[in-house]
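Data block for target-v2.tsv (TSV, C-alpha atoms):
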```tsv
chain	number	residue	atom	x	y	z
U	1	VAL	CA	8.82	30.76	38.40
U	2	VAL	CA	10.37	32.78	35.55
U	3	SER	CA	9.77	30.03	32.97
U	4	HIS	CA	6.18	29.69	34.21
U	5	GLY	CA	5.73	33.46	33.79
U	6	VAL	CA	7.11	33.40	30.24
U	7	SER	CA	4.97	30.36	29.42
U	8	HIS	CA	1.91	32.09	30.88
U	9	ALA	CA	2.66	35.28	28.89
U	10	ALA	CA	3.12	33.26	25.68
U	11	ASN	CA	-0.21	31.47	26.30
U	12	ASN	CA	-1.92	34.81	26.91
U	13	MET	CA	-0.43	36.20	23.70
U	14	ALA	CA	-1.59	33.13	21.74
U	15	SER	CA	-5.15	33.45	23.04
U	16	LEU	CA	-5.08	37.22	22.39
U	17	GLN	CA	-3.96	36.57	18.80
U	18	GLU	CA	-6.75	34.03	18.29
U	19	SER	CA	-9.38	36.45	19.57
U	20	GLN	CA	-7.93	39.30	17.45
U	21	MET	CA	-7.97	37.08	14.38
U	22	ALA	CA	-11.57	36.02	15.00
U	23	ALA	CA	-12.64	39.64	15.52
U	24	PHE	CA	-10.79	40.68	12.36
U	25	GLU	CA	-12.48	37.91	10.34
U	26	ARG	CA	-15.92	38.98	11.67
U	27	LEU	CA	-15.17	42.58	10.72
U	28	LEU	CA	-14.15	41.53	7.22
U	29	ASP	CA	-17.32	39.48	6.84
U	30	ARG	CA	-19.41	42.52	7.81
U	31	VAL	CA	-17.52	44.79	5.40
U	32	PHE	CA	-17.99	42.35	2.50
U	33	GLU	CA	-21.65	41.88	3.44
U	34	HIS	CA	-22.18	45.66	3.50
U	35	LYS	CA	-20.36	46.05	0.17
U	36	THR	CA	-22.55	43.35	-1.40
U	37	GLN	CA	-25.70	45.07	-0.11
U	38	LEU	CA	-24.57	48.40	-1.55
U	39	GLU	CA	-23.77	46.86	-4.91
U	40	SER	CA	-27.12	45.04	-5.10
U	41	SER	CA	-29.12	48.16	-4.14
U	42	ALA	CA	-27.38	50.41	-6.68
U	43	THR	CA	-29.49	51.11	-9.73
U	44	PRO	CA	-27.87	51.06	-13.14
U	45	THR	CA	-27.60	54.44	-14.82
U	46	SER	CA	-27.54	55.31	-18.47
U	47	GLU	CA	-24.55	57.63	-18.03
U	48	PRO	CA	-21.41	56.59	-19.86
U	49	THR	CA	-18.76	55.06	-17.72
U	50	SER	CA	-15.58	57.03	-17.21
U	51	PRO	CA	-12.25	55.65	-18.35
U	52	PRO	CA	-10.15	53.81	-15.77
U	53	SER	CA	-8.41	56.07	-13.32
U	54	SER	CA	-4.65	56.41	-13.39
U	55	THR	CA	-4.51	56.43	-9.59
U	56	PRO	CA	-3.03	53.33	-7.97
U	57	ALA	CA	-5.43	50.51	-7.17
U	58	HIS	CA	-6.66	50.14	-3.62
U	59	HIS	CA	-5.11	47.17	-1.84
U	60	ALA	CA	-7.88	44.90	-0.60
U	61	GLY	CA	-6.00	41.83	0.69
U	62	ASN	CA	-5.12	40.87	4.25
U	63	PHE	CA	-3.25	38.17	6.19
U	64	ALA	CA	-6.38	36.31	7.37
U	65	SER	CA	-5.56	33.24	5.23
U	66	CYS	CA	-1.76	33.44	5.44
U	67	THR	CA	-0.34	30.29	7.07
U	68	ALA	CA	3.21	31.56	7.68
U	69	ARG	CA	4.06	31.83	11.38
U	70	PHE	CA	7.17	32.90	13.29
U	71	SER	CA	7.73	32.27	16.98
U	72	GLY	CA	11.28	33.53	17.42
U	73	ALA	CA	12.42	30.10	18.60
U	74	PRO	CA	16.02	29.16	17.75
U	75	GLY	CA	14.92	26.64	15.10
U	76	ASP	CA	12.60	29.08	13.28
U	77	SER	CA	13.88	30.57	10.03
U	78	LEU	CA	13.28	34.30	9.98
U	79	ASP	CA	14.39	34.51	6.35
U	80	GLY	CA	11.95	31.77	5.35
U	81	PHE	CA	9.14	33.45	7.26
U	82	LEU	CA	9.81	36.88	5.75
U	83	ASP	CA	10.05	35.41	2.25
U	84	ALA	CA	6.72	33.60	2.70
U	85	VAL	CA	5.01	36.71	4.11
U	86	GLU	CA	6.34	39.01	1.36
U	87	SER	CA	5.23	36.51	-1.32
U	88	TYR	CA	1.77	36.21	0.24
U	89	LYS	CA	1.56	39.99	0.60
U	90	ASP	CA	2.33	40.46	-3.10
U	91	CYS	CA	0.01	37.68	-4.32
U	92	ALA	CA	-2.93	38.66	-2.08
U	93	ASP	CA	-2.47	42.38	-2.81
U	94	VAL	CA	-2.01	43.32	0.85
U	95	GLY	CA	-1.13	46.99	1.30
U	96	HIS	CA	1.62	48.12	3.66
U	97	ALA	CA	-0.77	49.59	6.24
U	98	ILE	CA	-2.93	46.43	6.36
U	99	ALA	CA	0.20	44.25	6.51
U	100	LEU	CA	1.53	46.25	9.44
U	101	ARG	CA	-1.77	45.93	11.33
U	102	GLY	CA	-2.05	42.22	10.52
U	103	LEU	CA	1.51	41.24	11.43
U	104	SER	CA	0.46	40.28	14.96
U	105	MET	CA	-1.67	37.47	13.45
U	106	LEU	CA	1.50	35.84	12.09
U	107	LEU	CA	3.71	36.07	15.18
U	108	THR	CA	3.56	33.55	18.03
U	109	GLY	CA	5.53	32.80	21.19
U	110	ASN	CA	8.48	35.08	21.95
U	111	ALA	CA	8.04	36.96	18.68
U	112	ALA	CA	4.44	37.84	19.63
U	113	VAL	CA	5.55	39.03	23.08
U	114	TRP	CA	8.32	41.10	21.46
U	115	TRP	CA	5.85	42.61	18.94
U	116	GLN	CA	3.44	43.68	21.70
U	117	GLY	CA	6.30	45.63	23.26
U	118	VAL	CA	7.49	47.41	20.11
U	119	LYS	CA	4.48	47.78	17.81
U	120	ALA	CA	3.53	51.21	19.15
U	121	SER	CA	6.89	52.58	17.95
U	122	ILE	CA	6.75	50.95	14.49
U	123	THR	CA	5.29	53.27	11.86
U	124	SER	CA	5.82	51.43	8.57
U	125	TRP	CA	6.02	47.95	7.05
U	126	ASP	CA	9.71	48.44	6.25
U	127	ASP	CA	10.37	49.46	9.88
U	128	ALA	CA	8.61	46.29	11.05
U	129	LEU	CA	10.75	44.07	8.80
U	130	SER	CA	13.93	45.86	9.85
U	131	SER	CA	13.03	45.53	13.53
U	132	LEU	CA	12.25	41.82	13.12
U	133	ARG	CA	15.63	41.26	11.45
U	134	SER	CA	17.36	43.24	14.18
U	135	ALA	CA	15.64	41.32	16.98
U	136	PHE	CA	15.65	37.78	15.56
U	137	GLY	CA	17.93	37.77	12.50
U	138	ASP	CA	21.49	36.61	12.07
U	139	CYS	CA	23.61	39.51	13.32
U	140	ARG	CA	27.00	37.88	12.89
U	141	PRO	CA	29.75	40.05	11.41
U	142	PRO	CA	31.02	39.01	7.96
U	143	HIS	CA	34.19	37.33	9.26
U	144	ARG	CA	32.05	34.89	11.30
U	145	VAL	CA	29.97	34.08	8.23
U	146	TYR	CA	33.18	33.40	6.28
U	147	LEU	CA	34.40	31.07	9.05
U	148	GLU	CA	31.18	29.08	8.91
U	149	LEU	CA	31.30	28.99	5.11
U	150	PHE	CA	34.87	27.65	5.01
U	151	LYS	CA	34.01	24.96	7.57
U	152	MET	CA	31.36	23.65	5.20
U	153	SER	CA	31.97	20.65	3.02
U	154	GLN	CA	29.68	18.66	0.84
U	155	GLY	CA	28.68	15.35	2.39
U	156	GLN	CA	29.30	12.21	0.39
U	157	ARG	CA	25.61	11.62	-0.20
U	158	GLU	CA	24.51	15.26	-0.16
U	159	LYS	CA	23.01	16.45	-3.43
U	160	THR	CA	24.94	19.24	-5.09
U	161	GLU	CA	21.83	21.44	-5.29
U	162	ILE	CA	21.32	21.20	-1.52
U	163	PHE	CA	24.98	21.94	-0.77
U	164	VAL	CA	25.00	24.96	-3.10
U	165	ALA	CA	21.72	26.22	-1.58
U	166	ARG	CA	23.19	25.99	1.95
U	167	ALA	CA	26.31	27.86	0.87
U	168	ARG	CA	24.32	30.52	-1.00
U	169	ALA	CA	22.14	31.05	2.08
U	170	LEU	CA	25.29	31.87	4.05
U	171	LEU	CA	26.64	34.13	1.30
U	172	ALA	CA	23.32	36.01	1.30
U	173	ARG	CA	24.03	37.08	4.90
U	174	LEU	CA	27.04	39.10	3.79
U	175	PRO	CA	26.63	42.82	3.05
U	176	PRO	CA	25.56	43.42	-0.57
U	177	GLY	CA	28.50	44.05	-2.88
U	178	ASP	CA	31.12	42.47	-0.58
U	179	LEU	CA	31.86	39.69	-3.07
U	180	SER	CA	31.44	39.59	-6.80
U	181	GLU	CA	29.50	36.70	-8.28
U	182	LYS	CA	32.73	35.28	-9.74
U	183	VAL	CA	34.41	35.21	-6.31
U	184	GLN	CA	31.33	33.53	-4.81
U	185	ILE	CA	31.38	30.85	-7.53
U	186	ASP	CA	35.11	30.30	-7.00
U	187	MET	CA	34.58	29.91	-3.26
U	188	LEU	CA	31.74	27.40	-3.76
U	189	TYR	CA	33.77	25.45	-6.28
U	190	GLY	CA	36.60	25.20	-3.74
U	191	LEU	CA	34.18	23.70	-1.19
U	192	TYR	CA	32.50	21.38	-3.68
U	193	THR	CA	33.35	17.67	-3.53
U	194	VAL	CA	33.60	15.90	-6.86
U	195	VAL	CA	32.73	12.22	-6.66
U	196	PHE	CA	33.44	9.94	-9.60
U	197	VAL	CA	31.53	6.68	-9.78
U	198	LYS	CA	33.38	3.81	-11.46
U	199	ASP	CA	31.47	1.28	-13.53
```

Could I get this structure in the form of structure tokens?
Amino acid sequence: VVSHGVSHAANNMASLQESQMAAFERLLDRVFEHKTQLESSATPTSEPTSPPSSTPAHHAGNFASCTARFSGAPGDSLDGFLDAVESYKDCADVGHAIALRGLSMLLTGNAAVWWQGVKASITSWDDALSSLRSAFGDCRPPHRVYLELFKMSQGQREKTEIFVARARALLARLPPGDLSEKVQIDMLYGLYTVVFVKD
């Protein structure tokens, strides 16, 4: 009964997200249509144009075309999701306020249910990211991260770049400044397997 209730809630959240996204897209279409009408009805004037303003540019982007999704499932990578969303946000010029309002379009499953419960208390984009990390991120203390790191070894056929990337992903979970870059390199070198191929 409980799993059915969670499944039903997740389905309701998914359909709510789809309807919100469709409504948001319709609203954007109307705004762009209205803007186009205003621009076409404006008459050119002979007054000189003023120099560009030094005020910051207005952010016009949104998450309507962003394909990154996060469900909160154990296999989902929160770090990968946040990296993709931040990159999209920067490239599409999405402002913090629009990003905060559009975050629900990117969350599915348990993450969407969680967001519905906390979004009223979230007041900024940074708060949203911090809350996501707190709810779904890796909260292991540093000594547990070290244990996992020292259990790692490079597989015989594993490419060095992949092994180093896996190790660096673990090291990134440590508090900033805990280890110098030299110590990190020394640790990785100790875990690295050197394979010589004879002719």

Distance query segment 162-170 of chain U at most 10 Å, only C-alpha atoms, self and fewer than 5 positions along chain excluded, as a ChimeraX atom specification: /U:79,142,145-146,148-150,152-155,184-185,187-189,191-193

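For the pair atom CA of Ser131 of chain U and atom CA of Ser180 of chain U, the separation is 28.1 Å.
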
Residue nearest Arg101 of chain U - candidates U:Thr160, U:Ser71, U:Ser121, U:Asn62, atoms counted: all atoms listed in the file: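 Closest candidate: U:Asn62.
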
Counting all atoms listed in the file, the residue of U:Leu100, U:Met105, U:Cys66, U:Val183 that sits nearest Ser87 of chain U: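 Ranked by minimum distance to Ser87 of chain U, first place goes to U:Cys66.
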
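Taking atom CA of Gly137 of chain U and atom CA of Phe81 of chain U as the two end points, the separation is 11.1 Å.
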
Between atom CA of Ala68 of chain U and atom CA of Val94 of chain U, distance in Å (one decimal):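 Atom CA of Val94 of chain U lies 14.6 Å from atom CA of Ala68 of chain U.
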